[in-house]
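What follows is a set of notes on a single structure, which appears directly below.
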Amino acid sequence: MQQLAQTCMAAVADSLAWVLPAQSDGGAGGVIGQLTARPPELPGPPMWEWLLLESPLIPAVSLVGAGFIALIALTRVGKGKHGLGALCGGVVLGVACYLIGTIVETDRETLRFRTQELVRAVGASEPDAAAPMLGDRVLYRGWPSPREWDRQGILDNITPWMTSAGISGGEVVEVEASLDGPNVARVQTRVRASGAGRYPLSWWRLDYTRRDGEWRVTGIEPLIIPGIVGP
């Protein structure tokens, strides 16, 4: 997000930087409020998916811990062998659970990873690295005005946008992903731009579409840019 996000932010922040003082005349409180504001959270995955596939360390440690508790409890009543079996079972199940979670990559994990890579590539002015993550057409929505770009148009402008805005790098601070269908997803992310001037933190929404097995960005929308866009 931050990558493509900062692509647009770069052009926007540079060419319309004069908007900042105009919109912040109401006082610093509004801008400070935007710095701490966040959009509503996206729907999360089912609990089982989050635990088993996205946070496998939690159930793995729980299973091993349960095995140890069973060992202690059964040993106290003279059933040490049964307790040892329970411990071994807990360890085996815990390791299996952890391996499954680390081997299987969910769509949400893929989206989060691609967003991080896109933000890094755009912030570092690396259009070749950003290219595989962009759709053939990308719709930019919101401030200052909507516009549809083709992939090459974005790639050709990444370096000029970053240079004119004084952005030398970008990173994802927070990222959320939600699936709206088998091949449609949303990501919203908070990004930090290096050397971006007054307000280096911003929130962006990226729309992803899966085609030929690959998730690619097909929509971009600024959600919160302190002093420019926000609640």
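Chain identifiers are assigned as A, B, and so on, following the order in which chains appear in the structure tokens; residues are numbered from 1 within each chain, and ligands are numbered from 1 in order of appearance.
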#### Entry: Exercise: Glu49 of chain A partners within 12 Å, only C-alpha atoms, chain neighbours under 4 positions left out, as a list in words
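Near Glu49 of chain A, the qualifying residues are Gly44, Pro45, Leu53, Glu54, Ser55, Pro56, Pro59, Cys97, Ile100, Gly101, Val104, Glu105, Thr106, Asp107, Arg108 and Glu109 of chain A.
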Neighbours of segment 125-136 of chain A within 8 Å (only C-alpha atoms; same-chain residues fewer than 6 positions away dropped), as a compact mmCIF listing (two decimals) with C-alpha atoms, in the first residue's frame?
```
# COMPACT_ATOMS: atom_id res chain seq x y z
CA GLN A 3 4.43 1.78 -2.10
CA ARG A 114 2.59 -7.91 -1.35
CA GLU A 117 6.74 -5.08 -0.96
CA LEU A 118 4.77 -2.59 -3.04
CA ASP A 150 -2.64 2.12 -16.73
CA ARG A 151 0.25 0.18 -15.25
CA LEU A 155 5.56 3.03 -13.39
CA ASP A 156 6.76 5.95 -15.51
CA ILE A 158 6.99 6.63 -9.65
CA THR A 159 10.46 8.16 -9.69
CA MET A 162 9.01 10.38 -5.23
CA SER A 168 13.43 8.49 -0.21
CA GLY A 169 11.77 5.40 1.23
CA THR A 209 -8.01 -8.53 -7.76
CA TRP A 215 -3.09 -10.72 -6.51
CA ARG A 216 -2.62 -7.32 -8.13
CA VAL A 217 -3.64 -3.80 -7.12
CA THR A 218 -6.57 -2.42 -9.12
```
### Query
So, counting only C-alpha atoms, which residue among A:Ala165, A:Val138, A:Val191, A:Leu84 is closest to Ile69 of chain A?
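Looking only at the distances to Ile69 of chain A, the closest residue turns out to be A:Leu84.
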### Test item, strand (DSSP E or B) assignment across segment 90-182 of chain A, answer as a ChimeraX atom specification
/A:134-140,147-150,169-181
### Query
Of the residues A:Arg137, A:Trp48, A:Ala86, A:Asn183, which is the one nearest to Ala73 of chain A, using only C-alpha atoms?
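Using only C-alpha atoms, Ala73 of chain A sits closest to A:Ala86.
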### Task
List the neighbours of segment 170-178 of chain A out to 6 Å using only C-alpha atoms; skip same-chain residues closer than 4 positions along the sequence, and give me the result as a list in words.
Pro43, Arg108, Gln116, Val119, Arg120, Gly123, Ala185, Arg186, Val187, Gln188, Thr189, Arg190, Val191, Arg192, Ala193 and Ser194 of chain A
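Coordinates place atom CA of Gly213 of chain A at a distance of 25.4 Å from atom CA of Arg141 of chain A.
Minimum atom-to-atom distance to Ala121 of chain A, evaluated using only C-alpha atoms, belongs to A:Ile167 out of A:Ile167, A:Ala60, A:Leu139, A:Leu71.
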### Query
In Å, with one decimal, what is the gap from atom CA of Pro146 of chain A to atom CA of Leu201 of chain A?
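Taking atom CA of Pro146 of chain A as the start and atom CA of Leu201 of chain A as the end point, the length is 21.7 Å.
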### Query
What does the distance between atom CA of Trp143 of chain A and atom CA of Ser202 of chain A come to in Å, to one decimal place?
13.3 Å
### Task
For Val64 of chain A, please output as a list in words all residues within 7 Å (counting only C-alpha atoms; exclusion window: fewer than 5 positions along the same chain).
Leu87, Gly90, Val91 and Gly94 of chain A
Residues of the last selection are to be written out with N, CA and C atoms, as a PDB file, in the first residue's frame.
```pdb
ATOM      1  N   LEU A  87       2.273 -35.969  27.340  1.00  0.00           N
ATOM      2  CA  LEU A  87       3.259 -34.947  26.992  1.00  0.00           C
ATOM      3  C   LEU A  87       3.766 -35.142  25.572  1.00  0.00           C
ATOM      4  N   GLY A  90       1.142 -34.059  23.155  1.00  0.00           N
ATOM      5  CA  GLY A  90       1.041 -32.609  23.077  1.00  0.00           C
ATOM      6  C   GLY A  90       2.158 -31.997  22.263  1.00  0.00           C
ATOM      7  N   VAL A  91       3.379 -32.535  22.454  1.00  0.00           N
ATOM      8  CA  VAL A  91       4.522 -32.017  21.688  1.00  0.00           C
ATOM      9  C   VAL A  91       4.357 -32.305  20.200  1.00  0.00           C
ATOM     10  N   GLY A  94       1.623 -30.106  18.827  1.00  0.00           N
ATOM     11  CA  GLY A  94       2.077 -28.722  18.795  1.00  0.00           C
ATOM     12  C   GLY A  94       3.019 -28.453  17.637  1.00  0.00           C
TER      13      GLY A  94
END
```
### Shell around Pro222 of chain A at 8 Å using only C-alpha atoms, local window under 3 positions removed, as number ranges by chain
A: 5, 141-143, 202-205, 225, 229
Writing out the chosen residues with C-alpha atoms as a PDB file, in the first residue's frame:
```
ATOM      1  CA  ALA A   5       0.129   4.760  -1.750  1.00  0.00           C
ATOM      2  CA  ARG A 141     -10.222   7.358  -5.917  1.00  0.00           C
ATOM      3  CA  GLY A 142     -10.661  10.332  -3.630  1.00  0.00           C
ATOM      4  CA  TRP A 143      -8.675  13.502  -3.100  1.00  0.00           C
ATOM      5  CA  SER A 202      -0.849   8.222   6.284  1.00  0.00           C
ATOM      6  CA  TRP A 203      -3.569   5.586   5.820  1.00  0.00           C
ATOM      7  CA  TRP A 204      -4.402   4.096   2.430  1.00  0.00           C
ATOM      8  CA  ARG A 205      -6.788   1.551   0.974  1.00  0.00           C
ATOM      9  CA  ILE A 225      -3.420  12.166   5.153  1.00  0.00           C
ATOM     10  CA  VAL A 229      -7.664  13.922   3.888  1.00  0.00           C
TER      11      VAL A 229
END
```
### Message
I need the alpha helix (DSSP H) residues of segment 111-172 of chain A per DSSP on the backbone, written as JSON, numbers by chain.
### Response
{"A": [111, 112, 113, 114, 115, 116, 117, 118, 119, 120, 121, 122, 123, 127, 128, 129, 130, 151, 152, 153, 154, 155, 156, 157, 158, 159, 160, 161, 162, 163, 164, 165]}
